[in-house]
Amino acid sequence: MIDQQLTSETSEVISSPETISTTLRINGQTYTLDIEPRVSLLDALREYLHLTGSKKGCNQGACGACTVLCDGDRVLSCLSLAVQYEGREVTTVEGLATDGKLHPLQAAFIEHDGFQCGYCTPGQICSAVGMIHEFQNHLPSAVTSDIASENIEFTDEELRERMSGNLCRCGAYIGIRKAICHAFEEVSR
């Protein structure tokens with residue numbers, strides 16, 4: 001009798017929530033999904049929309065492999081609920097290229113061997129795009145010496161600090177850094 005009570009109670013506890021309809025704007029296209037409210041943005045992208053560029057690394061927000069852009073800002077999609085982004089513009093690595101032409105960071109990663117296995121590459125690229133956006137908006141980092149300055153110098157220390165949330169198991173950091181510096185110079189002209 002105790003086993004039956006536990007089974008009955010357990011089935012109530014693990015019952016899944018109802019789905020809700022949410023409309024997401026991803027890479028310039030609008031999608032309406034019927035999903036559970038607890039579905040992460042990463043899972044919505046990968047499992048519902050089949051946009052598999054963003055990777056599930058740690059699923060805890062520690063590695064940065066899932067980084068996407070939301071209204072130009074970096075977001076860890078594994079820690080974000082999809083329903084939070086209704087009405088906002090989400091850009092994945094697939095959405096960075098325009099008219100068949102690679103984004104300058106995508107091209108720079110190829111030119112400077114900014115990847116080995118490639119697993120972290122989409123998150124690295126999206127994070128770097130967001131980082132450049134931060135520089136263009138004069139946003140300081142933890143290592144910025146004068147946080148009131150509107151002319152933050154793009155130093156190696158700034159680059160390392162701002163990209164510290166994106167890990168590469170292969171250790172391709174030299175190529176990643178070169179690619180970001182190259183692209184930063186190109187978009188800053």
# chains A, B, ... in the order shown; residues from 1 in each chain; ligands from 1

$ closest_atom_pairs --of "range 68-164 of chain A" --to "range 43-61 of chain A" --cutoff "10 Å" --atoms "only C-alpha atoms" --output "tab-separated table"
residue	atom	partner	partner_atom	distance
A:Val68	CA	A:Ser54	CA	7.2
A:Val75	CA	A:Gly61	CA	9.6
A:Leu76	CA	A:Gly61	CA	6.1
A:Ser77	CA	A:Gly61	CA	8.2
A:Cys78	CA	A:Asn59	CA	5.5
A:Leu79	CA	A:Gly61	CA	6.1
A:Ser80	CA	A:Gly61	CA	9.6
A:Leu81	CA	A:Ala44	CA	8.8
A:Ala82	CA	A:Ala44	CA	6.5
A:Val83	CA	A:Ala44	CA	9.6
A:Thr92	CA	A:Ser54	CA	6.8
A:Val93	CA	A:Gly53	CA	6.1
A:Glu94	CA	A:Gly53	CA	6.5
A:Gly95	CA	A:Gly53	CA	9.8
A:Tyr119	CA	A:Lys55	CA	6.9
A:Cys120	CA	A:Lys55	CA	7.3
A:Thr121	CA	A:Ser54	CA	9.0
A:Pro122	CA	A:Ser54	CA	6.0
A:Gly123	CA	A:Ser54	CA	6.4
A:Cys126	CA	A:Ser54	CA	9.2

$ residues_around --residues "Lys178 in chain A" --least-positions-apart "5" --cutoff "12 Å" --atoms "only C-alpha atoms" --output "PyMOL selection string"
chain A and resi 105+107-115+128+156+159-160+172-173+183-185

$ write_last_selection --atoms "N, CA and C atoms" --output "short mmCIF file (atom, residue, chain, number, x, y, z; two decimals), in the first residue's frame"
data_model
loop_
_atom_site.label_atom_id
_atom_site.label_comp_id
_atom_site.auth_asym_id
_atom_site.auth_seq_id
_atom_site.Cartn_x
_atom_site.Cartn_y
_atom_site.Cartn_z
N LEU A 105 34.17 38.17 -38.57
CA LEU A 105 34.74 37.28 -37.56
C LEU A 105 34.76 35.84 -38.03
N ALA A 107 35.11 34.86 -41.14
CA ALA A 107 36.21 34.80 -42.10
C ALA A 107 37.57 34.84 -41.40
N ALA A 108 37.68 35.66 -40.36
CA ALA A 108 38.94 35.77 -39.62
C ALA A 108 39.27 34.47 -38.88
N PHE A 109 38.27 33.79 -38.35
CA PHE A 109 38.52 32.51 -37.68
C PHE A 109 39.09 31.50 -38.67
N ILE A 110 38.61 31.51 -39.89
CA ILE A 110 39.15 30.61 -40.91
C ILE A 110 40.57 31.03 -41.28
N GLU A 111 40.76 32.31 -41.53
CA GLU A 111 42.07 32.81 -41.96
C GLU A 111 43.16 32.60 -40.92
N HIS A 112 42.82 32.73 -39.65
CA HIS A 112 43.82 32.67 -38.58
C HIS A 112 43.78 31.37 -37.78
N ASP A 113 43.15 30.35 -38.32
CA ASP A 113 43.05 29.05 -37.64
C ASP A 113 42.58 29.22 -36.20
N GLY A 114 41.43 29.87 -36.05
CA GLY A 114 40.88 30.13 -34.72
C GLY A 114 40.07 28.97 -34.18
N PHE A 115 40.32 27.78 -34.70
CA PHE A 115 39.58 26.61 -34.20
C PHE A 115 40.38 25.36 -34.51
N ALA A 128 32.56 37.12 -29.51
CA ALA A 128 33.45 38.16 -30.04
C ALA A 128 32.66 39.26 -30.75
N ASP A 156 45.33 43.50 -25.27
CA ASP A 156 45.28 42.06 -25.10
C ASP A 156 44.63 41.72 -23.76
N LEU A 159 40.90 42.04 -24.21
CA LEU A 159 40.42 40.90 -25.01
C LEU A 159 40.32 39.65 -24.15
N ARG A 160 41.36 39.36 -23.39
CA ARG A 160 41.36 38.16 -22.54
C ARG A 160 40.24 38.21 -21.51
N ALA A 172 43.05 26.57 -28.71
CA ALA A 172 43.29 27.34 -29.93
C ALA A 172 43.27 28.85 -29.67
N TYR A 173 43.61 29.25 -28.46
CA TYR A 173 43.47 30.65 -28.06
C TYR A 173 44.33 31.61 -28.88
N ALA A 183 39.57 40.95 -37.02
CA ALA A 183 38.19 41.39 -37.28
C ALA A 183 37.90 42.73 -36.62
N PHE A 184 38.43 42.95 -35.42
CA PHE A 184 38.23 44.21 -34.72
C PHE A 184 38.80 45.37 -35.53
N GLU A 185 40.00 45.17 -36.08
CA GLU A 185 40.61 46.20 -36.92
C GLU A 185 39.76 46.46 -38.16
#

$ atom_distance --atom1 "CA of Met131 in chain A" --atom2 "CA of Leu69 in chain A"
10.4 Å

$ select_by_dssp --residues "chain A" --states "alpha helix (DSSP H)" --output "ChimeraX atom specification"
/A:2-13,41-43,104-111,121-136,156-162,173-188

$ decode --residues "range 20-139 of chain A" --atoms "C-alpha atoms" --output "PDB file, in the first residue's frame"
ATOM      1  CA  ILE A  20       2.558  27.612 -24.269  1.00  0.00           C
ATOM      2  CA  SER A  21       2.803  29.379 -27.580  1.00  0.00           C
ATOM      3  CA  THR A  22       5.773  31.706 -27.909  1.00  0.00           C
ATOM      4  CA  THR A  23       6.965  33.660 -30.921  1.00  0.00           C
ATOM      5  CA  LEU A  24      10.701  34.054 -31.391  1.00  0.00           C
ATOM      6  CA  ARG A  25      12.594  36.107 -33.936  1.00  0.00           C
ATOM      7  CA  ILE A  26      15.734  34.179 -34.820  1.00  0.00           C
ATOM      8  CA  ASN A  27      18.206  35.296 -37.496  1.00  0.00           C
ATOM      9  CA  GLY A  28      15.634  37.613 -39.023  1.00  0.00           C
ATOM     10  CA  GLN A  29      12.861  34.999 -39.266  1.00  0.00           C
ATOM     11  CA  THR A  30       9.839  34.631 -37.005  1.00  0.00           C
ATOM     12  CA  TYR A  31       8.970  31.260 -35.484  1.00  0.00           C
ATOM     13  CA  THR A  32       5.986  30.329 -33.324  1.00  0.00           C
ATOM     14  CA  LEU A  33       6.647  27.386 -31.041  1.00  0.00           C
ATOM     15  CA  ASP A  34       4.451  25.426 -28.672  1.00  0.00           C
ATOM     16  CA  ILE A  35       6.899  24.673 -25.873  1.00  0.00           C
ATOM     17  CA  GLU A  36       6.996  24.130 -22.153  1.00  0.00           C
ATOM     18  CA  PRO A  37       7.817  27.365 -20.304  1.00  0.00           C
ATOM     19  CA  ARG A  38      10.985  25.787 -18.896  1.00  0.00           C
ATOM     20  CA  VAL A  39      12.607  25.060 -22.302  1.00  0.00           C
ATOM     21  CA  SER A  40      15.948  26.820 -22.565  1.00  0.00           C
ATOM     22  CA  LEU A  41      16.722  29.066 -25.498  1.00  0.00           C
ATOM     23  CA  LEU A  42      19.488  26.638 -26.446  1.00  0.00           C
ATOM     24  CA  ASP A  43      17.099  23.675 -26.542  1.00  0.00           C
ATOM     25  CA  ALA A  44      14.538  25.690 -28.512  1.00  0.00           C
ATOM     26  CA  LEU A  45      17.213  26.542 -31.077  1.00  0.00           C
ATOM     27  CA  ARG A  46      18.680  23.058 -31.361  1.00  0.00           C
ATOM     28  CA  GLU A  47      15.740  20.729 -30.785  1.00  0.00           C
ATOM     29  CA  TYR A  48      12.765  22.685 -32.101  1.00  0.00           C
ATOM     30  CA  LEU A  49      14.294  24.869 -34.832  1.00  0.00           C
ATOM     31  CA  HIS A  50      17.214  22.570 -35.793  1.00  0.00           C
ATOM     32  CA  LEU A  51      19.704  25.444 -35.597  1.00  0.00           C
ATOM     33  CA  THR A  52      22.575  23.361 -34.289  1.00  0.00           C
ATOM     34  CA  GLY A  53      25.381  25.901 -34.540  1.00  0.00           C
ATOM     35  CA  SER A  54      25.066  26.832 -30.867  1.00  0.00           C
ATOM     36  CA  LYS A  55      26.530  23.982 -28.851  1.00  0.00           C
ATOM     37  CA  LYS A  56      25.561  22.427 -25.544  1.00  0.00           C
ATOM     38  CA  GLY A  57      28.831  22.207 -23.673  1.00  0.00           C
ATOM     39  CA  CYS A  58      28.489  22.311 -19.910  1.00  0.00           C
ATOM     40  CA  ASN A  59      24.786  23.282 -19.803  1.00  0.00           C
ATOM     41  CA  GLN A  60      25.663  25.358 -16.718  1.00  0.00           C
ATOM     42  CA  GLY A  61      26.844  28.650 -18.217  1.00  0.00           C
ATOM     43  CA  ALA A  62      30.537  27.992 -17.577  1.00  0.00           C
ATOM     44  CA  CYS A  63      31.958  27.248 -21.038  1.00  0.00           C
ATOM     45  CA  GLY A  64      30.318  29.729 -23.445  1.00  0.00           C
ATOM     46  CA  ALA A  65      29.753  27.183 -26.242  1.00  0.00           C
ATOM     47  CA  CYS A  66      26.070  28.161 -26.316  1.00  0.00           C
ATOM     48  CA  THR A  67      26.637  31.927 -26.661  1.00  0.00           C
ATOM     49  CA  VAL A  68      24.211  33.713 -28.986  1.00  0.00           C
ATOM     50  CA  LEU A  69      23.337  37.374 -29.431  1.00  0.00           C
ATOM     51  CA  CYS A  70      20.122  38.973 -28.258  1.00  0.00           C
ATOM     52  CA  ASP A  71      19.603  42.494 -29.582  1.00  0.00           C
ATOM     53  CA  GLY A  72      23.387  42.529 -30.128  1.00  0.00           C
ATOM     54  CA  ASP A  73      24.303  41.500 -26.572  1.00  0.00           C
ATOM     55  CA  ARG A  74      25.916  38.202 -25.579  1.00  0.00           C
ATOM     56  CA  VAL A  75      23.622  35.639 -23.963  1.00  0.00           C
ATOM     57  CA  LEU A  76      24.344  32.178 -22.588  1.00  0.00           C
ATOM     58  CA  SER A  77      21.447  30.364 -24.203  1.00  0.00           C
ATOM     59  CA  CYS A  78      21.698  27.327 -21.905  1.00  0.00           C
ATOM     60  CA  LEU A  79      20.814  29.550 -18.918  1.00  0.00           C
ATOM     61  CA  SER A  80      18.043  31.469 -20.662  1.00  0.00           C
ATOM     62  CA  LEU A  81      14.438  30.439 -21.062  1.00  0.00           C
ATOM     63  CA  ALA A  82      13.171  30.701 -24.637  1.00  0.00           C
ATOM     64  CA  VAL A  83      10.019  32.522 -23.498  1.00  0.00           C
ATOM     65  CA  GLN A  84      12.198  35.366 -22.155  1.00  0.00           C
ATOM     66  CA  TYR A  85      13.161  36.319 -25.702  1.00  0.00           C
ATOM     67  CA  GLU A  86       9.732  36.777 -27.199  1.00  0.00           C
ATOM     68  CA  GLY A  87       9.734  40.023 -29.172  1.00  0.00           C
ATOM     69  CA  ARG A  88      13.526  40.318 -29.215  1.00  0.00           C
ATOM     70  CA  GLU A  89      16.019  39.616 -31.998  1.00  0.00           C
ATOM     71  CA  VAL A  90      18.169  36.532 -31.409  1.00  0.00           C
ATOM     72  CA  THR A  91      21.158  35.924 -33.679  1.00  0.00           C
ATOM     73  CA  THR A  92      22.988  32.615 -33.825  1.00  0.00           C
ATOM     74  CA  VAL A  93      26.202  31.844 -35.671  1.00  0.00           C
ATOM     75  CA  GLU A  94      24.034  30.749 -38.627  1.00  0.00           C
ATOM     76  CA  GLY A  95      22.576  34.249 -38.832  1.00  0.00           C
ATOM     77  CA  LEU A  96      25.838  36.192 -38.916  1.00  0.00           C
ATOM     78  CA  ALA A  97      26.539  35.678 -42.618  1.00  0.00           C
ATOM     79  CA  THR A  98      24.642  37.993 -44.969  1.00  0.00           C
ATOM     80  CA  ASP A  99      23.890  37.431 -48.647  1.00  0.00           C
ATOM     81  CA  GLY A 100      26.213  34.417 -48.699  1.00  0.00           C
ATOM     82  CA  LYS A 101      29.143  36.417 -47.334  1.00  0.00           C
ATOM     83  CA  LEU A 102      30.717  35.395 -44.036  1.00  0.00           C
ATOM     84  CA  HIS A 103      30.720  37.837 -41.142  1.00  0.00           C
ATOM     85  CA  PRO A 104      34.228  39.354 -40.710  1.00  0.00           C
ATOM     86  CA  LEU A 105      34.736  37.276 -37.555  1.00  0.00           C
ATOM     87  CA  GLN A 106      33.752  34.058 -39.303  1.00  0.00           C
ATOM     88  CA  ALA A 107      36.213  34.804 -42.100  1.00  0.00           C
ATOM     89  CA  ALA A 108      38.939  35.769 -39.616  1.00  0.00           C
ATOM     90  CA  PHE A 109      38.520  32.508 -37.683  1.00  0.00           C
ATOM     91  CA  ILE A 110      39.147  30.614 -40.910  1.00  0.00           C
ATOM     92  CA  GLU A 111      42.068  32.812 -41.961  1.00  0.00           C
ATOM     93  CA  HIS A 112      43.824  32.669 -38.583  1.00  0.00           C
ATOM     94  CA  ASP A 113      43.048  29.053 -37.640  1.00  0.00           C
ATOM     95  CA  GLY A 114      40.878  30.125 -34.725  1.00  0.00           C
ATOM     96  CA  PHE A 115      39.579  26.613 -34.203  1.00  0.00           C
ATOM     97  CA  GLN A 116      40.679  23.021 -34.019  1.00  0.00           C
ATOM     98  CA  CYS A 117      37.773  20.700 -33.305  1.00  0.00           C
ATOM     99  CA  GLY A 118      35.342  23.598 -33.888  1.00  0.00           C
ATOM    100  CA  TYR A 119      32.992  22.779 -31.032  1.00  0.00           C
ATOM    101  CA  CYS A 120      33.472  26.092 -29.211  1.00  0.00           C
ATOM    102  CA  THR A 121      33.788  28.142 -32.406  1.00  0.00           C
ATOM    103  CA  PRO A 122      30.145  29.276 -32.782  1.00  0.00           C
ATOM    104  CA  GLY A 123      30.083  30.509 -29.181  1.00  0.00           C
ATOM    105  CA  GLN A 124      33.507  32.131 -29.547  1.00  0.00           C
ATOM    106  CA  ILE A 125      32.411  33.964 -32.696  1.00  0.00           C
ATOM    107  CA  CYS A 126      29.078  35.147 -31.258  1.00  0.00           C
ATOM    108  CA  SER A 127      30.816  36.244 -28.074  1.00  0.00           C
ATOM    109  CA  ALA A 128      33.447  38.164 -30.041  1.00  0.00           C
ATOM    110  CA  VAL A 129      30.731  39.901 -32.094  1.00  0.00           C
ATOM    111  CA  GLY A 130      29.083  40.916 -28.816  1.00  0.00           C
ATOM    112  CA  MET A 131      32.427  42.031 -27.402  1.00  0.00           C
ATOM    113  CA  ILE A 132      33.059  44.301 -30.379  1.00  0.00           C
ATOM    114  CA  HIS A 133      29.544  45.698 -29.898  1.00  0.00           C
ATOM    115  CA  GLU A 134      30.500  46.446 -26.257  1.00  0.00           C
ATOM    116  CA  PHE A 135      33.603  48.341 -27.418  1.00  0.00           C
ATOM    117  CA  GLN A 136      31.584  50.330 -29.938  1.00  0.00           C
ATOM    118  CA  ASN A 137      29.217  51.301 -27.102  1.00  0.00           C
ATOM    119  CA  HIS A 138      32.143  52.234 -24.793  1.00  0.00           C
ATOM    120  CA  LEU A 139      31.229  49.627 -22.167  1.00  0.00           C
TER     121      LEU A 139
END
